[in-house]
Amino acid sequence: MRVRTEPRPIIKTAEELDKMRAANRLARAVLAEMGRRILPGATTMDLETEARRMTEEAGAKGAFYQYRVGDKVYPYYLCTSVNDCVVHGFPDDRPLQAGDLVSVDYGCVLDGFVGDTAWTWCVGEPSPDAKHLMDVTREALYRGIAMAQPGRRVFDVAREIQTWCESNGCGVVRALVGHGVGRRMHEPPQVPNYAAPESRRDRLRAGMTICIEPMITAGTHEVYEPAGKWDVLTRDGSLAAHYEHCIAILDDGPEILSVPEDI
Ligand code: MF3
Ligand code: CO
Ligand code: CO
C-alpha cells in the first residue's frame with residue numbers, strides 16, 4: 001500500500017537478516033495453512049481465527065492487527081480479498097464457493113522483525129480467465145524478484161512486472177505498491193509494479209529487505225475504495241490477484257525470505 005516513508009532504505013546486519021528469515025518463515029507457514037483451508041463452505045473468518053491462533057502460539061504478533069493508516073485502524077490478522085477485491089478485504093462469514101478467487105495477505109512481527117507474504121488461490125478449478133490471471137501474476141512476482149540484484153534499481157523490478165503483465169493482457173494496479181520492510185512493515189523504498197519515474201532514484205543495495213507484491217487485474221488498472229472502508233476493488237469489476245514475497249538483496253542476488261515458496 002502507498003504510505004509516506006523517509007527517503008533512506010535501512011540496511012540490515014547479518015543478525016537482523018536472520019531475524020527477517022525467521023519472521024518470514026513463520027508468515028509463510030501461516031499462509032500455507034490458510035491455503036489448505038480454502039475449500040467450498042469454509043469462511044474467511046475461519047481462516048482469520050486460525051491465523052490468530054497460530055500467531056499467538058508462535059509467540060508473535062499480527063503485523064496488520066491494529067495497524068494504522070491515516071485515521072483507519074485495521075481490525076484483523078489477515079486480509080482476505082475475494083474476486084474483484086484487490087487487497088485489504090475483511091474476513092467475513094460468507095461460505096466460499098467454487099470459482100471464488102481468494103487472495104490472502106498475512107503479516108507477523110517475530111522478535112522485533114516483520115514477515116509479510118501473500119498468495120492467491122481459487123476455490124475448486126479456476127476458469128481459464130482466472131487461471132491466466134493467477135499464472136501471469138505469479139510469474140510477474142518471480143520476474144520482479146530476478147531483477148532485484150544489487151546495483152540495479154527499483155525501477156528495473158517495476159518495469160519488468162509491468163511489461164510482463166500488460167503484454168499478457170492484464171491490468172497493473174498503480175494505487176498500491178510494494179515496500180521496504182524490517183522492524184516496521186512499511187519502510188522505504190516504495191516498490192511499484194509499474195515504471196514509476198521516481199523509482200529510478202532507488203538503487204538496490206546488499207542488506208536491503210523489500211516486499212515485491214504485484215496486484216494485477218484481469219481488466220483495467222483502475223481501482224476504487226468505497227468511502228470509509230478498507231477494501232480496494234477493481235473499478236470495472238474484473239478479477240484481481242496478489243502474490244507477495246519478502247526478499248533480501250544480497251551480494252550474489254535476491255534471497256526469498258518467505259519460504260517455502262510452494263504452498
Ligand atoms: N501487508 C500489506 C502489504 O503487503 C499491508 C496490509 S495493511 C493492513 O503491504 F492495514 F492491512 F495491515
Ligand atoms: Co502483505
Ligand atoms: Co507487503
# chains A, B, ... in the order shown; residues from 1 in each chain; ligands from 1
>>> residues_around(residues="His88 of chain A", least_positions_apart="6", cutoff="6 Å", atoms="only C-alpha atoms", output="PyMOL selection string")
chain A and resi 79+230-231
>>> write_last_selection(atoms="N, CA, C and O atoms", output="mmCIF file, in the first residue's frame")
data_model
loop_
_atom_site.group_PDB
_atom_site.id
_atom_site.type_symbol
_atom_site.label_atom_id
_atom_site.label_comp_id
_atom_site.auth_asym_id
_atom_site.auth_seq_id
_atom_site.Cartn_x
_atom_site.Cartn_y
_atom_site.Cartn_z
ATOM 1 N N CYS A 79 -5.701 -10.124 5.619
ATOM 2 C CA CYS A 79 -6.521 -9.521 4.572
ATOM 3 C C CYS A 79 -6.976 -10.672 3.682
ATOM 4 O O CYS A 79 -6.142 -11.469 3.218
ATOM 5 N N TRP A 230 -11.928 -0.198 4.050
ATOM 6 C CA TRP A 230 -10.570 -0.628 3.728
ATOM 7 C C TRP A 230 -10.464 -1.265 2.347
ATOM 8 O O TRP A 230 -9.418 -1.177 1.694
ATOM 9 N N ASP A 231 -11.539 -1.941 1.911
ATOM 10 C CA ASP A 231 -11.462 -2.727 0.668
ATOM 11 C C ASP A 231 -11.027 -1.871 -0.505
ATOM 12 O O ASP A 231 -11.511 -0.758 -0.676
#
>>> select_by_dssp(residues="segment 66-174 of chain A", states="strand (DSSP E)", output="PyMOL selection string")
chain A and resi 68-69+72-73+78-82+85-87+101-110+113-122+171-172
>>> residues_near_ligand(ligand="ligand 3", cutoff="6 Å", atoms="only C-alpha atoms and all ligand atoms", output="list in words")
Asp116, Gly178 and Cys211 of chain A
>>> closest_atom_pairs(of="chain A", to="ligand 2", cutoff="9 Å", atoms="only C-alpha atoms and all ligand atoms", output="Markdown table")
| residue | atom | partner | partner_atom_place_in_ligand_line | distance |
| --- | --- | --- | --- | --- |
| A:Met1 | CA | ligand 2 | 1 (Co) | 8.6 |
| A:Phe64 | CA | ligand 2 | 1 (Co) | 8.7 |
| A:Cys79 | CA | ligand 2 | 1 (Co) | 8.3 |
| A:Val87 | CA | ligand 2 | 1 (Co) | 8.9 |
| A:Val104 | CA | ligand 2 | 1 (Co) | 8.5 |
| A:Asp105 | CA | ligand 2 | 1 (Co) | 4.9 |
| A:Tyr106 | CA | ligand 2 | 1 (Co) | 5.9 |
| A:Gly107 | CA | ligand 2 | 1 (Co) | 6.2 |
| A:Gly115 | CA | ligand 2 | 1 (Co) | 8.5 |
| A:Asp116 | CA | ligand 2 | 1 (Co) | 4.8 |
| A:Thr117 | CA | ligand 2 | 1 (Co) | 4.9 |
| A:Ala118 | CA | ligand 2 | 1 (Co) | 5.6 |
| A:Gly178 | CA | ligand 2 | 1 (Co) | 8.2 |
| A:Met185 | CA | ligand 2 | 1 (Co) | 8.6 |
| A:Cys211 | CA | ligand 2 | 1 (Co) | 7.7 |
| A:Glu213 | CA | ligand 2 | 1 (Co) | 7.4 |
| A:Tyr243 | CA | ligand 2 | 1 (Co) | 8.6 |
| A:Glu244 | CA | ligand 2 | 1 (Co) | 6.4 |
| A:His245 | CA | ligand 2 | 1 (Co) | 8.3 |
| A:Cys246 | CA | ligand 2 | 1 (Co) | 8.8 |
>>> residues_around(residues="Gly112 of chain A", least_positions_apart="5", cutoff="10 Å", atoms="only C-alpha atoms", output="ChimeraX atom specification")
/A:16,19-20,23,60-61,182-184
>>> write_last_selection(atoms="all heavy atoms", output="tab-separated table (two decimals), in the first residue's frame")
chain	number	residue	atom	x	y	z
A	16	GLU	N	20.27	-9.20	11.85
A	16	GLU	CA	18.92	-8.73	11.52
A	16	GLU	C	18.34	-9.54	10.37
A	16	GLU	O	17.14	-9.86	10.35
A	16	GLU	CB	18.95	-7.24	11.19
A	16	GLU	CG	19.23	-6.40	12.44
A	16	GLU	CD	19.49	-4.93	12.15
A	16	GLU	OE1	19.93	-4.59	11.02
A	16	GLU	OE2	19.27	-4.11	13.06
A	19	LYS	N	16.83	-12.62	11.68
A	19	LYS	CA	15.52	-12.39	12.29
A	19	LYS	C	14.45	-12.19	11.21
A	19	LYS	O	13.30	-12.63	11.39
A	19	LYS	CB	15.58	-11.20	13.24
A	19	LYS	CG	16.45	-11.53	14.46
A	19	LYS	CD	16.49	-10.41	15.48
A	19	LYS	CE	17.35	-10.86	16.67
A	19	LYS	NZ	17.40	-9.84	17.72
A	20	MET	N	14.82	-11.54	10.12
A	20	MET	CA	13.88	-11.41	8.99
A	20	MET	C	13.55	-12.78	8.40
A	20	MET	O	12.41	-13.04	7.99
A	20	MET	CB	14.48	-10.50	7.91
A	20	MET	CG	14.52	-9.02	8.26
A	20	MET	SD	12.88	-8.31	8.46
A	20	MET	CE	12.28	-8.32	6.77
A	23	ALA	N	11.03	-14.47	10.86
A	23	ALA	CA	9.70	-13.86	10.80
A	23	ALA	C	8.97	-14.26	9.51
A	23	ALA	O	7.77	-14.56	9.52
A	23	ALA	CB	9.80	-12.35	10.90
A	60	ALA	N	4.28	-14.65	18.43
A	60	ALA	CA	4.44	-13.50	17.53
A	60	ALA	C	3.24	-12.56	17.71
A	60	ALA	O	2.32	-12.83	18.49
A	60	ALA	CB	4.54	-13.97	16.09
A	61	LYS	N	3.28	-11.46	16.96
A	61	LYS	CA	2.15	-10.52	16.93
A	61	LYS	C	1.68	-10.41	15.49
A	61	LYS	O	2.46	-10.59	14.55
A	61	LYS	CB	2.60	-9.14	17.39
A	61	LYS	CG	2.98	-9.06	18.86
A	61	LYS	CD	2.06	-8.08	19.58
A	61	LYS	CE	2.37	-7.94	21.05
A	61	LYS	NZ	2.25	-9.20	21.79
A	182	GLY	N	11.15	-4.32	7.56
A	182	GLY	CA	12.18	-4.61	8.56
A	182	GLY	C	11.56	-4.61	9.94
A	182	GLY	O	10.67	-5.41	10.21
A	183	ARG	N	12.00	-3.71	10.80
A	183	ARG	CA	11.34	-3.57	12.11
A	183	ARG	C	9.93	-3.03	11.92
A	183	ARG	O	9.06	-3.25	12.75
A	183	ARG	CB	12.13	-2.62	13.01
A	183	ARG	CG	13.43	-3.24	13.50
A	183	ARG	CD	14.10	-2.34	14.53
A	183	ARG	NE	15.35	-2.94	14.97
A	183	ARG	CZ	15.44	-3.86	15.93
A	183	ARG	NH1	14.36	-4.25	16.58
A	183	ARG	NH2	16.61	-4.35	16.25
A	184	ARG	N	9.73	-2.29	10.85
A	184	ARG	CA	8.39	-1.81	10.51
A	184	ARG	C	7.93	-2.46	9.22
A	184	ARG	O	8.74	-2.83	8.37
A	184	ARG	CB	8.39	-0.29	10.37
A	184	ARG	CG	8.53	0.42	11.73
A	184	ARG	CD	8.56	1.93	11.61
A	184	ARG	NE	9.71	2.36	10.83
A	184	ARG	CZ	9.62	3.06	9.70
A	184	ARG	NH1	8.45	3.42	9.21
A	184	ARG	NH2	10.72	3.41	9.06
